[in-house]
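Shown next: start.cif, containing mmCIF, C-alpha atoms.
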data_data
#
loop_
_atom_site.group_PDB
_atom_site.id
_atom_site.type_symbol
_atom_site.label_atom_id
_atom_site.label_comp_id
_atom_site.auth_asym_id
_atom_site.auth_seq_id
_atom_site.Cartn_x
_atom_site.Cartn_y
_atom_site.Cartn_z
ATOM 1 C CA MET X 369 116.923 87.171 83.745
ATOM 2 C CA ILE X 370 115.749 83.753 84.903
ATOM 3 C CA SER X 371 117.215 82.571 88.190
ATOM 4 C CA PRO X 372 118.796 79.148 88.668
ATOM 5 C CA GLU X 373 116.158 78.404 91.335
ATOM 6 C CA TYR X 374 113.358 79.035 88.812
ATOM 7 C CA LEU X 375 115.006 76.766 86.246
ATOM 8 C CA GLU X 376 115.494 74.032 88.824
ATOM 9 C CA ALA X 377 111.853 74.274 89.939
ATOM 10 C CA VAL X 378 110.345 74.133 86.434
ATOM 11 C CA ASN X 379 112.728 71.364 85.387
ATOM 12 C CA SER X 380 111.650 69.317 88.426
ATOM 13 C CA HIS X 381 107.970 70.225 88.036
ATOM 14 C CA PRO X 382 107.133 71.431 84.472
ATOM 15 C CA ALA X 383 103.579 72.340 85.522
ATOM 16 C CA LEU X 384 105.054 75.181 87.595
ATOM 17 C CA ALA X 385 105.964 76.901 84.332
ATOM 18 C CA LYS X 386 102.227 77.107 83.488
ATOM 19 C CA LEU X 387 101.543 78.710 86.852
ATOM 20 C CA ALA X 388 104.459 81.130 86.368
ATOM 21 C CA LEU X 389 103.066 82.173 82.971
ATOM 22 C CA MET X 390 99.715 82.954 84.593
ATOM 23 C CA ALA X 391 101.484 85.211 87.110
ATOM 24 C CA ARG X 392 103.240 87.330 84.479
ATOM 25 C CA PRO X 393 102.317 91.026 84.266
ATOM 26 C CA GLY X 394 99.465 91.792 81.882
ATOM 27 C CA THR X 395 97.616 88.505 82.383
ATOM 28 C CA GLY X 396 95.217 89.979 84.943
ATOM 29 C CA TRP X 397 96.037 87.287 87.503
ATOM 30 C CA THR X 398 96.883 88.141 91.119
ATOM 31 C CA PHE X 399 98.477 85.519 93.377
ATOM 32 C CA LEU X 400 98.646 85.561 97.171
ATOM 33 C CA PRO X 401 99.558 83.141 99.941
ATOM 34 C CA ILE X 402 96.334 81.931 101.582
ATOM 35 C CA PHE X 403 95.336 79.466 104.293
ATOM 36 C CA VAL X 404 92.845 76.709 103.489
ATOM 37 C CA GLY X 405 91.954 74.291 106.254
ATOM 38 C CA GLY X 406 94.939 75.480 108.286
ATOM 39 C CA PHE X 407 97.442 74.840 105.471
ATOM 40 C CA GLN X 408 99.325 77.523 103.572
ATOM 41 C CA CYS X 409 98.502 77.441 99.868
ATOM 42 C CA ILE X 410 98.819 79.616 96.796
ATOM 43 C CA GLY X 411 95.632 81.359 95.753
ATOM 44 C CA GLY X 412 95.062 83.326 92.605
ATOM 45 C CA PHE X 413 92.234 85.197 90.923
ATOM 46 C CA ARG X 414 91.511 87.066 87.715
ATOM 47 C CA GLU X 415 88.484 89.320 87.851
ATOM 48 C CA ARG X 416 86.595 89.964 84.649
ATOM 49 C CA ARG X 417 83.492 92.006 83.905
ATOM 50 C CA THR X 418 80.950 89.438 85.204
ATOM 51 C CA VAL X 419 83.031 86.569 86.590
ATOM 52 C CA THR X 420 86.188 85.851 88.549
ATOM 53 C CA ASP X 421 88.397 82.891 87.687
ATOM 54 C CA THR X 422 90.180 81.352 90.687
ATOM 55 C CA ILE X 423 92.944 78.873 91.460
ATOM 56 C CA ILE X 424 93.935 77.314 94.788
ATOM 57 C CA VAL X 425 97.158 75.288 94.798
ATOM 58 C CA ARG X 426 97.396 73.047 97.861
ATOM 59 C CA ALA X 427 99.943 70.635 96.326
ATOM 60 C CA MET X 428 101.116 69.652 92.849
ATOM 61 C CA ASP X 429 98.386 67.004 92.721
ATOM 62 C CA ASP X 430 95.693 68.944 94.593
ATOM 63 C CA VAL X 431 94.601 72.091 92.751
ATOM 64 C CA THR X 432 91.126 73.562 92.413
ATOM 65 C CA VAL X 433 90.206 76.034 89.708
ATOM 66 C CA GLY X 434 86.844 77.679 89.382
ATOM 67 C CA ARG X 435 84.746 80.418 87.907
ATOM 68 C CA LEU X 436 82.550 82.487 90.215
ATOM 69 C CA ARG X 437 79.819 84.933 89.332
ATOM 70 C CA ASN X 438 80.891 88.361 90.637
ATOM 71 C CA GLU X 439 77.455 89.566 91.683
ATOM 72 C CA ASP X 440 77.094 86.672 94.139
ATOM 73 C CA CYS X 441 80.442 86.803 95.872
ATOM 74 C CA ARG X 442 81.753 90.355 96.223
ATOM 75 C CA GLY X 443 80.711 93.827 97.181
ATOM 76 C CA PRO X 444 78.119 94.997 99.694
ATOM 77 C CA ARG X 445 75.269 93.031 98.079
ATOM 78 C CA ARG X 446 76.702 89.566 98.752
ATOM 79 C CA SER X 447 74.197 86.824 98.192
ATOM 80 C CA SER X 448 73.683 83.597 100.110
ATOM 81 C CA VAL X 449 73.943 81.837 96.724
ATOM 82 C CA SER X 450 77.301 80.150 96.148
ATOM 83 C CA GLY X 451 78.125 81.960 92.909
ATOM 84 C CA VAL X 452 80.086 78.966 91.566
ATOM 85 C CA LEU X 453 79.562 78.511 87.831
ATOM 86 C CA TRP X 454 82.284 75.945 87.182
ATOM 87 C CA GLU X 455 84.876 74.066 89.223
ATOM 88 C CA TYR X 456 87.581 71.453 88.618
ATOM 89 C CA THR X 457 90.006 69.722 90.998
ATOM 90 C CA GLY X 458 93.052 67.755 89.877
ATOM 91 C CA THR X 459 96.771 68.059 89.306
ATOM 92 C CA LEU X 460 98.339 71.455 88.684
ATOM 93 C CA ASP X 461 98.992 70.533 85.060
ATOM 94 C CA ASP X 462 95.418 69.344 84.394
ATOM 95 C CA ALA X 463 93.723 72.118 86.402
ATOM 96 C CA VAL X 464 95.538 74.895 84.521
ATOM 97 C CA ASP X 465 94.715 73.210 81.196
ATOM 98 C CA GLU X 466 91.023 72.928 82.165
ATOM 99 C CA LEU X 467 90.944 76.574 83.225
ATOM 100 C CA HIS X 468 92.530 77.694 79.949
ATOM 101 C CA ALA X 469 90.035 75.570 77.981
ATOM 102 C CA LEU X 470 87.108 77.325 79.665
ATOM 103 C CA PRO X 471 85.262 79.539 77.165
ATOM 104 C CA ASP X 472 85.347 83.320 77.538
ATOM 105 C CA PRO X 473 82.516 84.435 79.871
ATOM 106 C CA ASP X 474 80.615 86.046 76.975
ATOM 107 C CA ASP X 475 80.850 82.916 74.795
ATOM 108 C CA PRO X 476 77.507 81.089 74.435
ATOM 109 C CA MET X 477 79.248 77.862 75.535
ATOM 110 C CA ALA X 478 80.502 79.380 78.821
ATOM 111 C CA PRO X 479 78.942 77.994 82.019
ATOM 112 C CA LYS X 480 75.981 80.128 83.072
ATOM 113 C CA LEU X 481 74.131 78.047 85.671
ATOM 114 C CA LEU X 482 75.130 78.141 89.319
ATOM 115 C CA ARG X 483 76.197 74.894 90.916
ATOM 116 C CA PRO X 484 76.835 73.838 94.519
ATOM 117 C CA THR X 485 80.176 74.936 95.878
ATOM 118 C CA SER X 486 82.812 72.544 97.178
ATOM 119 C CA SER X 487 84.228 73.003 100.649
ATOM 120 C CA THR X 488 87.275 74.665 99.034
ATOM 121 C CA PHE X 489 85.647 77.979 98.172
ATOM 122 C CA VAL X 490 84.723 80.221 101.069
ATOM 123 C CA ILE X 491 82.219 82.852 100.053
ATOM 124 C CA ASN X 492 80.716 85.356 102.437
ATOM 125 C CA ASN X 493 82.556 83.630 105.324
ATOM 126 C CA GLN X 494 80.507 80.470 104.829
ATOM 127 C CA ARG X 495 81.592 77.020 103.667
#
Could you write out this file's structure as structure tokens?
Amino acid sequence: MISPEYLEAVNSHPALAKLALMARPGTGWTFLPIFVGGFQCIGGFRERRTVTDTIIVRAMDDVTVGRLRNEDCRGPRRSSVSGVLWEYTGTLDDAVDELHALPDPDDPMAPKLLRPTSSTFVINNQR
């Protein structure tokens, strides 16, 4: 059953419905409260075989989504390389759309080359 608070939130901010769909069971996404630059935000990730897709929601108009290469940013063999394959910052609505438009990691059109990280992603306790 959908609560009145949920309906009020998605009616006021339709982009929240996209975020809520990502958080449904079976999607592979995990969401947690996180702190970025001293501000509480919503952070989410979906780990796949070779990459992890991420989302950081700081405000409705300040959302960063990205794709990170797993081998560079997790486990005991962390690299000094950023691991960022793709990144987009914009509104919640646009960022979720851009993330969904990203090709599957095994698709030949998927981003494969590492790029410099923004200050948003903290990997290996470095900015």
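As for atom CA of X:Ala478 and atom CA of X:Asp461, they are spaced 21.4 Å apart.
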Stretch 412-415 of chain X: which residues within 7 Å, counting only C-alpha atoms, same-chain residues fewer than 5 positions away excluded, as JSON, numbers by chain?
-> {"X": [396, 397, 398, 399, 400, 420, 421, 422, 423, 424]}
Atom CA of X:Phe407 sits from atom CA of X:Gly394 at a separation of 29.1 Å
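For the pair atom CA of X:Cys441 and atom CA of X:His468, the interatomic distance is 22.0 Å.
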What are the centre and the three edge lengths of an axis-aligned box that wraps all atoms of stretch 384-397 of chain X in the file, given that 6 Å is added to every side, written as AutoDock Vina command-line options and rounded to one decimal in Å?
--center_x 100.6 --center_y 83.5 --center_z 84.7 --size_x 22.7 --size_y 28.6 --size_z 17.7
Carefully work through the PyMOL selection byres ((chain X and resi 450-458) around 6) for this structure and note down the residues it includes, as a PyMOL selection string.
-> chain X and resi 430-437+440+449+459+463+479+481-483+485
Got a sec to check which residues sit within 8 Å of (102.5, 76.5, 100.6), counting only C-alpha atoms, and write them as a CSV table (one decimal) with C-alpha atoms, in the frame of the given file?
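The result, written out as out36.csv:
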chain,number,residue,atom,x,y,z
X,401,PRO,CA,99.6,83.1,99.9
X,407,PHE,CA,97.4,74.8,105.5
X,408,GLN,CA,99.3,77.5,103.6
X,409,CYS,CA,98.5,77.4,99.9
X,410,ILE,CA,98.8,79.6,96.8
X,425,VAL,CA,97.2,75.3,94.8
X,426,ARG,CA,97.4,73.0,97.9
X,427,ALA,CA,99.9,70.6,96.3
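Restricting the calculation to only C-alpha atoms, the smallest distance between X:Thr395 and any of X:Asp474, X:Arg416, X:Leu460, X:Met428 is found for X:Arg416.
Here, the PyMOL selection byres ((chain X and resi 384) around 12) matches Tyr374, Leu375, Glu376, Ala377, Val378, Asn379, Ser380, His381, Pro382, Ala383, Ala385, Lys386, Leu387, Ala388, Leu389, Met390, Ala391, Ile410, Val425, Ala427, Met428, Asp429, Thr459, Leu460, Asp461, Asp462, Ala463 and Val464 of chain X.
Using only C-alpha atoms, the smallest distance between any of X:Ser371, X:Asp472, X:Val404, X:Met477 and X:Arg417 comes from X:Asp472.
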